[in-house]
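Below is one structure, written out as structure tokens, with a few remarks after it.
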Amino acid sequence: MSKCPFSGTAINPTTLTSSNGAPVANDNQSRTAGPRGPVTFDNHYLFEKLAHFNRERIPERVVHARGSAAYGTFTLTKSLSDYTIADFLQQEGQQTNVFLRFSTVGGGQDSSDYARDPRGFSVKFYTEQGNWDMVGNNTPVFFLRDGIKFPDFIHSQKKNPRTNLPDPQAVYEFWANNPQSLHQSTILMSDRGIPLSYRHVNGYSSHTLSLWNKAGERYWVKWHFKTNQGIKTLTNEEAARMPAYGAQQDLVESIDNGDFPSWTVNVQIMTEEEARNYRINPFDLTKVWPHSDFPLIDVGQLELNRNVENYFAETEQAAFAPSNLVPGIGVSPDRMLQARLIGYQDAHRYRIGANYNQIPVNAPRCPVHNYQRDGAFAGVNPALAGSGANFYPNNRARVGEPAEAPEVQEPPMPLEQDAWLDIYDNRDEDNYSQAGDLYRIMSEDQKQQLVQNIADGLSQATQDVQEAMFVQYDLADKDYGARVRKAVASR
Ligand code: NDP
């Protein structure tokens, strides 16, 4: 028995209550007018149950709706103190708690885990100076280099608006009109397009981010999380035989069994000077930095070792945002990244509400002190709902009101010299060389899988779309183009 804090009366902690805390006498029968009569209007407990039930869902994510997540630990094995003041990247051996959510991209919440689709790979680092979210994918590049194309791209890859069926014509028509997608679509159609499980994927920041140090020097950085389980994949035929929820089951069961999946964390680092002179635009999300130019540096290990207790509260309400940065980690001129800095926060406010960062899975593990106030569900964090000052600047630092920390001022970010604000056409960027580089490192078996996977969809598209795609494959590699033509012709 515990005591009601207000009245001091005894409460049995297992007593069923309504949401206002009152004991419920009967949760099996509604109140009715006689044994065979209708329910009456005074059934407020029945109405509360039904009304809450109607509100059990929040809008599902438009992309990355189907996901699985777990908690774990990041252990730093190489200090990055020369590059960054980020407090969790200073001491070798330092550990930081993380939450990692994997997902498919295009399907709804109950779609299959085995779609040919990129996999989201988002890591929330609960550092002592706030949460850093590395919101990445299992691919080092993306289909686009400009966020203005994102809604069109996603519309083209989802179901047809009339039939609600997959639409290979739209998929390839978008790609035919956007050669910048060729590198990523080559990865997607390769043998790596359908991972065996979430434990068997790599993760990449894909974007170029930055690190900055005490001296105010900035370095450009790409993050790579290489699976220690090895890359394992499925063919279309193998994937079709898997249960829709297989990747979710695999993750939950392996962690429950103590078989903790892990990733080796690497970075590629580029100086500002190297970026200015590099032959590749280092901020173009459709391109990698070849390893021969910028080798991977081992910096840590990430392990997942605890499942969520409640899927909805934790995995569904998890709100990752590339704008969740900490002192010492910054963004870059990557224009897809800038679109995401706005897009993700906006999605969370729509799905969860203004105070989404106060929900336990999203709440920083360090104190949050600011002057943002009120809104739906205010009060979860008492520091933001007390009687203290709700404006800044004020004269109350001496009584503990939060004040700025000028020592974490980010250094200025270099832009192109004499940049003029305008709309720049980048259609003639090199969209082909790196797709070709990938094709050329594939084994014969991988090449065959790639062209067959492309032919499955492209053979269902109109001839103008097929012709435009053949030209793109040719430009990546003559052999790539010739094989796709042949495979499509033989369908
Ligand atoms: P490297 O030979 O040094 O690296 C090739 C990389 O390709 C390896 O990391 C390998 O990953 C990965 N890879 C192999 N097969 C596939 C596939 N089917 N889909 C996706 N990745 C694959 O070459 P470069 O650095 O010069 O890059 C050549 C091409 O490799 C690039 O154009 C790009 O498509 C791809 N790539 C490059 C990455 C980079 O950051 N440089 C990262 C990932 C891919 P693993 O070690 O996991 O087998």
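Note on naming: chains are A, B, ... as they come in the structure tokens, residues start from 1 per chain, ligands start from 1 in the order shown.
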**Message:** If the limit is 6 Å from any atom of ligand 1, counting only C-alpha atoms and all ligand atoms, which residues qualify? Return them as a list in words.
**Reply:** Pro140, Ile187, Ser190, Asp191, Arg192, Val288, Trp289, Pro290, His291, Ser292, Gln434, Ala435, Asp437 and Leu438 of chain A
The selected residues should be written to file as a PDB file, in the first residue's frame (atoms: N, CA and C atoms).
```
ATOM      1  N   PRO A 140      26.423   5.555 -48.727  1.00  0.00           N
ATOM      2  CA  PRO A 140      27.297   6.722 -48.513  1.00  0.00           C
ATOM      3  C   PRO A 140      26.860   7.958 -49.296  1.00  0.00           C
ATOM      4  N   ILE A 187      23.606   1.711 -56.375  1.00  0.00           N
ATOM      5  CA  ILE A 187      23.743   1.003 -55.090  1.00  0.00           C
ATOM      6  C   ILE A 187      22.443   0.267 -54.758  1.00  0.00           C
ATOM      7  N   SER A 190      21.929  -2.804 -56.695  1.00  0.00           N
ATOM      8  CA  SER A 190      23.000  -3.803 -56.571  1.00  0.00           C
ATOM      9  C   SER A 190      22.577  -4.884 -55.584  1.00  0.00           C
ATOM     10  N   ASP A 191      23.459  -5.852 -55.382  1.00  0.00           N
ATOM     11  CA  ASP A 191      23.184  -6.929 -54.423  1.00  0.00           C
ATOM     12  C   ASP A 191      22.965  -6.384 -53.010  1.00  0.00           C
ATOM     13  N   ARG A 192      23.408  -5.138 -52.748  1.00  0.00           N
ATOM     14  CA  ARG A 192      23.240  -4.575 -51.400  1.00  0.00           C
ATOM     15  C   ARG A 192      21.884  -3.913 -51.189  1.00  0.00           C
ATOM     16  N   VAL A 288      30.902  10.257 -53.089  1.00  0.00           N
ATOM     17  CA  VAL A 288      31.742   9.858 -51.953  1.00  0.00           C
ATOM     18  C   VAL A 288      33.089  10.559 -52.069  1.00  0.00           C
ATOM     19  N   TRP A 289      33.855  10.506 -50.981  1.00  0.00           N
ATOM     20  CA  TRP A 289      35.269  10.860 -51.046  1.00  0.00           C
ATOM     21  C   TRP A 289      36.010   9.524 -51.186  1.00  0.00           C
ATOM     22  N   PRO A 290      36.606   9.249 -52.336  1.00  0.00           N
ATOM     23  CA  PRO A 290      37.274   7.946 -52.476  1.00  0.00           C
ATOM     24  C   PRO A 290      38.245   7.685 -51.325  1.00  0.00           C
ATOM     25  N   HIS A 291      38.250   6.427 -50.887  1.00  0.00           N
ATOM     26  CA  HIS A 291      39.115   6.070 -49.743  1.00  0.00           C
ATOM     27  C   HIS A 291      40.579   6.327 -50.042  1.00  0.00           C
ATOM     28  N   SER A 292      40.963   6.194 -51.323  1.00  0.00           N
ATOM     29  CA  SER A 292      42.380   6.401 -51.653  1.00  0.00           C
ATOM     30  C   SER A 292      42.773   7.869 -51.434  1.00  0.00           C
ATOM     31  N   GLN A 434      31.348   8.197 -60.547  1.00  0.00           N
ATOM     32  CA  GLN A 434      31.363   7.364 -59.335  1.00  0.00           C
ATOM     33  C   GLN A 434      30.397   6.192 -59.437  1.00  0.00           C
ATOM     34  N   ALA A 435      29.311   6.364 -60.218  1.00  0.00           N
ATOM     35  CA  ALA A 435      28.452   5.190 -60.482  1.00  0.00           C
ATOM     36  C   ALA A 435      29.283   4.160 -61.240  1.00  0.00           C
ATOM     37  N   ASP A 437      32.615   3.914 -61.125  1.00  0.00           N
ATOM     38  CA  ASP A 437      33.623   3.364 -60.203  1.00  0.00           C
ATOM     39  C   ASP A 437      33.034   2.201 -59.414  1.00  0.00           C
ATOM     40  N   LEU A 438      31.809   2.380 -58.964  1.00  0.00           N
ATOM     41  CA  LEU A 438      31.164   1.312 -58.194  1.00  0.00           C
ATOM     42  C   LEU A 438      30.953   0.084 -59.084  1.00  0.00           C
TER      43      LEU A 438
END
```
**Item:** Ile269 in chain A environment, 12 Å, only C-alpha atoms, sequence neighbours closer than 6 positions dropped, as a list in words
**Value:** Leu80, Asp82, Tyr83, Thr84, Thr208, Leu209, Ser210, Leu211, Trp212, Arg218, Tyr219, Trp220, Val221, Lys222, Trp223, His224, Ala275, Pro282, Trp289, Pro290, His291, Asp293, Phe294, Pro295, Leu296, Ile297, Asp298 and Val299 of chain A
Keeping only C-alpha atoms, write those residues as a compact mmCIF listing (two decimals), in the first residue's frame.
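The result, written out as out_12.txt:
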```txt
# COMPACT_ATOMS: atom_id res chain seq x y z
CA LEU A 80 39.49 13.48 -31.80
CA ASP A 82 42.86 17.75 -32.24
CA TYR A 83 39.77 18.26 -34.40
CA THR A 84 36.90 19.01 -32.06
CA THR A 208 29.72 16.10 -45.08
CA LEU A 209 29.54 17.46 -41.54
CA SER A 210 32.22 19.40 -39.69
CA LEU A 211 34.30 19.26 -36.54
CA TRP A 212 35.87 22.33 -34.96
CA ARG A 218 37.18 23.61 -38.89
CA TYR A 219 37.56 20.20 -40.57
CA TRP A 220 35.10 18.58 -42.94
CA VAL A 221 34.15 15.05 -41.93
CA LYS A 222 32.18 12.05 -43.13
CA TRP A 223 31.14 9.37 -40.65
CA HIS A 224 31.12 5.63 -41.50
CA ALA A 275 38.25 21.11 -49.80
CA PRO A 282 33.02 17.70 -51.15
CA TRP A 289 35.27 10.86 -51.05
CA PRO A 290 37.27 7.95 -52.48
CA HIS A 291 39.12 6.07 -49.74
CA ASP A 293 42.12 10.21 -51.28
CA PHE A 294 40.74 10.30 -47.72
CA PRO A 295 41.40 7.03 -45.85
CA LEU A 296 39.09 5.83 -43.12
CA ILE A 297 40.32 6.55 -39.59
CA ASP A 298 39.12 4.18 -36.84
CA VAL A 299 37.70 6.16 -33.93
```
**Request:** Mind checking which residues fall within 6 Å of range 178-182 of chain A, counting only C-alpha atoms, ignoring those fewer than 6 positions away in the same chain, and posting them as number ranges by chain?
**Result:** A: 143-144, 431
Using the selection just defined, write its residues with C-alpha atoms as a PDB file, in the first residue's frame.
```pdb
ATOM      1  CA  PHE A 143      19.648  10.262 -54.914  1.00  0.00           C
ATOM      2  CA  LEU A 144      19.660  14.072 -54.808  1.00  0.00           C
ATOM      3  CA  ASN A 431      26.815  12.320 -62.342  1.00  0.00           C
TER       4      ASN A 431
END
```
Contact check, range 312-395 of chain A to range 41-56 of chain A, at most 12 Å, counting only C-alpha atoms, closest pairs as a Markdown table:
```
| residue | atom | partner | partner_atom | distance |
| --- | --- | --- | --- | --- |
| A:Phe312 | CA | A:Glu56 | CA | 9.4 |
| A:Ala313 | CA | A:Glu56 | CA | 10.9 |
| A:Glu316 | CA | A:Glu56 | CA | 11.6 |
```
**Prompt:** Can you list every residue in range 293-490 of chain A that DSSP puts in alpha helix (DSSP H), as a ChimeraX atom specification?
**Reply:** /A:335-351,433-441,444-458,463-476,478-489
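Look at Ala115 in chain A: the protein and nucleic acid residues within 8 Å of it, using only C-alpha atoms and passing over chain neighbours fewer than 5 places away, are Thr104, Ile194 and Ala239 of chain A.
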Generate a file of the selected residues that holds N, CA and C atoms, formatted as a PDB file, in the first residue's frame.
```pdb
ATOM      1  N   THR A 104      13.164   1.185 -43.090  1.00  0.00           N
ATOM      2  CA  THR A 104      13.100   1.282 -44.546  1.00  0.00           C
ATOM      3  C   THR A 104      12.640   2.712 -44.833  1.00  0.00           C
ATOM      4  N   ILE A 194      18.910  -5.110 -50.729  1.00  0.00           N
ATOM      5  CA  ILE A 194      18.014  -5.697 -49.710  1.00  0.00           C
ATOM      6  C   ILE A 194      18.874  -6.346 -48.624  1.00  0.00           C
ATOM      7  N   ALA A 239      14.122 -12.529 -50.520  1.00  0.00           N
ATOM      8  CA  ALA A 239      13.381 -11.526 -49.734  1.00  0.00           C
ATOM      9  C   ALA A 239      11.888 -11.829 -49.747  1.00  0.00           C
TER      10      ALA A 239
END
```
Proximity of range 255-336 of chain A to range 411-421 of chain A: per-residue shortest pair, 12 Å limit, only C-alpha atoms, as a Markdown table:
```
| residue | atom | partner | partner_atom | distance |
| --- | --- | --- | --- | --- |
| A:Thr271 | CA | A:Pro414 | CA | 11.7 |
| A:Glu272 | CA | A:Pro414 | CA | 8.2 |
| A:Glu273 | CA | A:Pro414 | CA | 10.5 |
| A:Ala275 | CA | A:Pro414 | CA | 10.5 |
| A:Arg276 | CA | A:Glu416 | CA | 8.6 |
| A:Asn277 | CA | A:Glu416 | CA | 11.7 |
| A:Asn281 | CA | A:Glu416 | CA | 11.7 |
| A:Phe283 | CA | A:Leu415 | CA | 11.4 |
| A:Pro327 | CA | A:Pro411 | CA | 10.6 |
| A:Gly328 | CA | A:Pro411 | CA | 9.5 |
| A:Ile329 | CA | A:Pro411 | CA | 10.8 |
| A:Gly330 | CA | A:Met413 | CA | 9.3 |
| A:Val331 | CA | A:Met413 | CA | 9.0 |
| A:Ser332 | CA | A:Met413 | CA | 7.8 |
| A:Pro333 | CA | A:Leu415 | CA | 7.5 |
| A:Asp334 | CA | A:Leu415 | CA | 11.1 |
```
Keeping N, CA and C atoms for every residue in the selection just given, could you write it to a file as an mmCIF file, in the first residue's frame?
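Listed below is the output, result_31.cif:
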```cif
data_model
loop_
_atom_site.group_PDB
_atom_site.id
_atom_site.type_symbol
_atom_site.label_atom_id
_atom_site.label_comp_id
_atom_site.auth_asym_id
_atom_site.auth_seq_id
_atom_site.Cartn_x
_atom_site.Cartn_y
_atom_site.Cartn_z
ATOM 1 N N THR A 271 40.701 18.909 -44.710
ATOM 2 C CA THR A 271 40.900 20.281 -44.224
ATOM 3 C C THR A 271 40.153 21.257 -45.146
ATOM 4 N N GLU A 272 39.991 22.491 -44.672
ATOM 5 C CA GLU A 272 39.339 23.503 -45.517
ATOM 6 C C GLU A 272 40.145 23.741 -46.787
ATOM 7 N N GLU A 273 41.470 23.722 -46.630
ATOM 8 C CA GLU A 273 42.351 23.949 -47.782
ATOM 9 C C GLU A 273 42.173 22.823 -48.810
ATOM 10 N N ALA A 275 39.588 21.004 -49.206
ATOM 11 C CA ALA A 275 38.250 21.114 -49.802
ATOM 12 C C ALA A 275 38.246 22.137 -50.940
ATOM 13 N N ARG A 276 38.968 23.238 -50.725
ATOM 14 C CA ARG A 276 38.983 24.291 -51.758
ATOM 15 C C ARG A 276 39.580 23.786 -53.059
ATOM 16 N N ASN A 277 40.556 22.872 -52.950
ATOM 17 C CA ASN A 277 41.279 22.447 -54.151
ATOM 18 C C ASN A 277 40.855 21.072 -54.664
ATOM 19 N N ASN A 281 33.361 18.087 -55.690
ATOM 20 C CA ASN A 281 32.683 18.980 -54.746
ATOM 21 C C ASN A 281 32.431 18.204 -53.450
ATOM 22 N N PHE A 283 30.809 18.743 -50.934
ATOM 23 C CA PHE A 283 29.504 18.955 -50.290
ATOM 24 C C PHE A 283 28.356 18.444 -51.160
ATOM 25 N N PRO A 327 28.384 21.387 -29.253
ATOM 26 C CA PRO A 327 29.586 22.181 -29.490
ATOM 27 C C PRO A 327 30.727 21.305 -30.015
ATOM 28 N N GLY A 328 31.343 21.746 -31.111
ATOM 29 C CA GLY A 328 32.448 20.993 -31.709
ATOM 30 C C GLY A 328 32.026 20.235 -32.953
ATOM 31 N N ILE A 329 30.696 20.114 -33.183
ATOM 32 C CA ILE A 329 30.194 19.451 -34.393
ATOM 33 C C ILE A 329 29.296 20.432 -35.131
ATOM 34 N N GLY A 330 29.552 20.620 -36.414
ATOM 35 C CA GLY A 330 28.759 21.568 -37.186
ATOM 36 C C GLY A 330 28.311 20.979 -38.506
ATOM 37 N N VAL A 331 27.615 21.784 -39.261
ATOM 38 C CA VAL A 331 27.118 21.332 -40.563
ATOM 39 C C VAL A 331 28.127 21.728 -41.643
ATOM 40 N N SER A 332 27.690 21.761 -42.880
ATOM 41 C CA SER A 332 28.570 22.095 -44.000
ATOM 42 C C SER A 332 27.705 22.769 -45.063
ATOM 43 N N PRO A 333 28.307 23.238 -46.148
ATOM 44 C CA PRO A 333 27.492 23.858 -47.197
ATOM 45 C C PRO A 333 26.647 22.869 -48.016
ATOM 46 N N ASP A 334 26.591 21.588 -47.627
ATOM 47 C CA ASP A 334 25.763 20.604 -48.350
ATOM 48 C C ASP A 334 24.305 21.079 -48.345
#
```
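Summary of the local environment: counting only C-alpha atoms, residues at most 12 Å from Lys447 in chain A, other than itself and those fewer than 4 positions away along its chain, are Thr186, Ile187, Met189, Ser190, Asp191, Arg192, Gly436, Leu438, Tyr439, Arg440, Ile441, Met442, Ser443, Val451, Gln452, Asn453, Ile454, Asp477, Asp479, Tyr480, Gly481, Ala482, Arg483, Val484 and Ala487 of chain A.
Each of A:Tyr114, A:Phe88, A:Tyr71, A:Phe377 was compared to Gln248 in chain A using only C-alpha atoms, and A:Tyr114 turns out to be the nearest.
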**Message:** Could you list, as number ranges by chain, every residue within 8 Å of Gly457 in chain A, counting only C-alpha atoms and ignoring same-chain residues fewer than 3 positions away?
**Reply:** A: 168-169, 172, 453-454, 460-461
**Message:** Excluding Ala170 in chain A and its own-chain neighbours fewer than 6 positions away, which residues fall within 9 Å of it when counting only C-alpha atoms? Please give them as a PyMOL selection string.
**Reply:** chain A and resi 155-158+160+461
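Candidate residues A:Glu60, A:Glu467, A:Asp346, A:Asp374 were compared for distance to Asn390 in chain A, and the nearest is A:Asp374, using only C-alpha atoms.
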